[in-house]
Amino acid sequence: MKINKSEFSISSATLSQCPKDTKPEYAFIGRSNVGKSSLINMLCNHKGLAKTSATPGKTLLINHFIINNEWYIVDLPGYGYAKRSKTQRDKLQQMISSYILQRKQLTNVFVLIDIRHDPQQIDREFIDWLGKSEIPFAIVFTKGDKLAQSKMKQQAEAYMSKLEDTWDILPPYFISSAEKAYGREEILDYIESINEEIKNNSQE
Ligand code: GTP
Ligand code: MG
């Protein structure tokens with residue numbers, strides 16, 4: 001899929017502030033600093049679209065970006081940033097979970113995992129929660145450029161095989177790098193195939 005146009009739409013602190021239209025939405029989530037905003041900019045080939053930062057905890061709101069006037073990318077705050085106060089963490093968690101559970105337009109969640117790290121409990125809990133809540137999701141390994149190509153695939157496969165302990169059917173996964181644009185076409189094609197499916201279903 002080609003992205004011809006990507007624009008910031010709105011930042012929302014609550015679900016009720018999110019856009020009122022019904023275009024499909026693809027949300028990006030993961031630990032603070034995993035590379036959500038960088039991945040979004042890479043996918044859109046649009047530097048500065050989503051705000052990135054070397055300091056964790058940059059994204060604090062639900063950020064909508066409208067793509068090709070047809071669908072939305074949603075940049076969510078990171079979870080599990082220890083330096084936040086408990087009150088702020090609880091508030092963010094409430095914001096994220098109400099968005100994920102109640103937003104009807106939400107079509108797919110991309111859960112981002114830093115490819116260099118072995119499975120962490122917080123990601124595992126989040127993935128298990130998505131599964132139990134029947135939210136469709138895919139996994140995107142980020143920062144692939146930090147590993148050699150051969151190691152990259154190995155790490156991703158090892159991670160996925162650990163998920164098999166609890167999941168019979170594994171979600172799709174992608175290996176990405178915002179620096180090197182790895183995974184761009186695969187992720188965009190995946191989104192396009194879901195958008196097509198939605199269009200076809202609505203015509204039936
Ligand atoms: P929060 O909004 O704070 O939760 O962070 P985020 O997940 O949006 O991460 P962000 O995109 O701001 O990136 C965090 C840091 O990781 C920045 O210093 C980025 O430059 C760096 N980074 C992100 N993606 C990549 C990547 O693919 N490769 C490398 N080498 N660095 C990356
Ligand atoms: Mg961010």
# chains A, B, ... in the order shown; residues from 1 in each chain; ligands from 1
>>> residues_near_ligand(ligand="ligand 1", cutoff="7 Å", atoms="only C-alpha atoms and all ligand atoms", output="PyMOL selection string")
chain A and resi 30-39+51-59+77-78+142-146+176-180
>>> select_by_dssp(residues="chain A", states="helix (DSSP H, G or I)", output="count of residues only")
79
>>> select_by_dssp(residues="region 3-195 of chain A", states="strand (DSSP E or B)", output="PyMOL selection string")
chain A and resi 6-12+25-31+62-67+71-75+79+106-114+137-142+173-175+177+182
>>> closest_residue(among="A:Asp118, A:Glu7, A:Asp90, A:Glu196", to="Ser161 (chain A)", atoms="only C-alpha atoms")
A:Asp118
>>> closest_residue(among="A:Gln154, A:Ser6, A:Asn45, A:Asn63", to="ligand 2", atoms="only C-alpha atoms and all ligand atoms")
A:Asn63
>>> closest_residue(among="A:Tyr159, A:Tyr79, A:Trp71, A:Tyr26", to="ligand 2", atoms="only C-alpha atoms and all ligand atoms")
A:Tyr79
>>> closest_residue(among="A:Ser193, A:Ser97, A:Asn41, A:Asn4", to="ligand 2", atoms="only C-alpha atoms and all ligand atoms")
A:Asn41
>>> closest_residue(among="A:Ala181, A:Val111, A:Leu170, A:Met95", to="Leu43 (chain A)", atoms="only C-alpha atoms")
A:Ala181
>>> atom_distance(atom1="CA of Thr87 (chain A)", atom2="CA of Ala13 (chain A)")
15.0 Å
>>> closest_residue(among="A:Ala138, A:Ile175, A:Leu130, A:Leu101", to="Met152 (chain A)", atoms="only C-alpha atoms")
A:Ile175
>>> atom_distance(atom1="CA of Leu112 (chain A)", atom2="CA of Lys20 (chain A)")
26.6 Å
>>> atom_distance(atom1="CA of Glu134 (chain A)", atom2="CA of Glu164 (chain A)")
17.0 Å
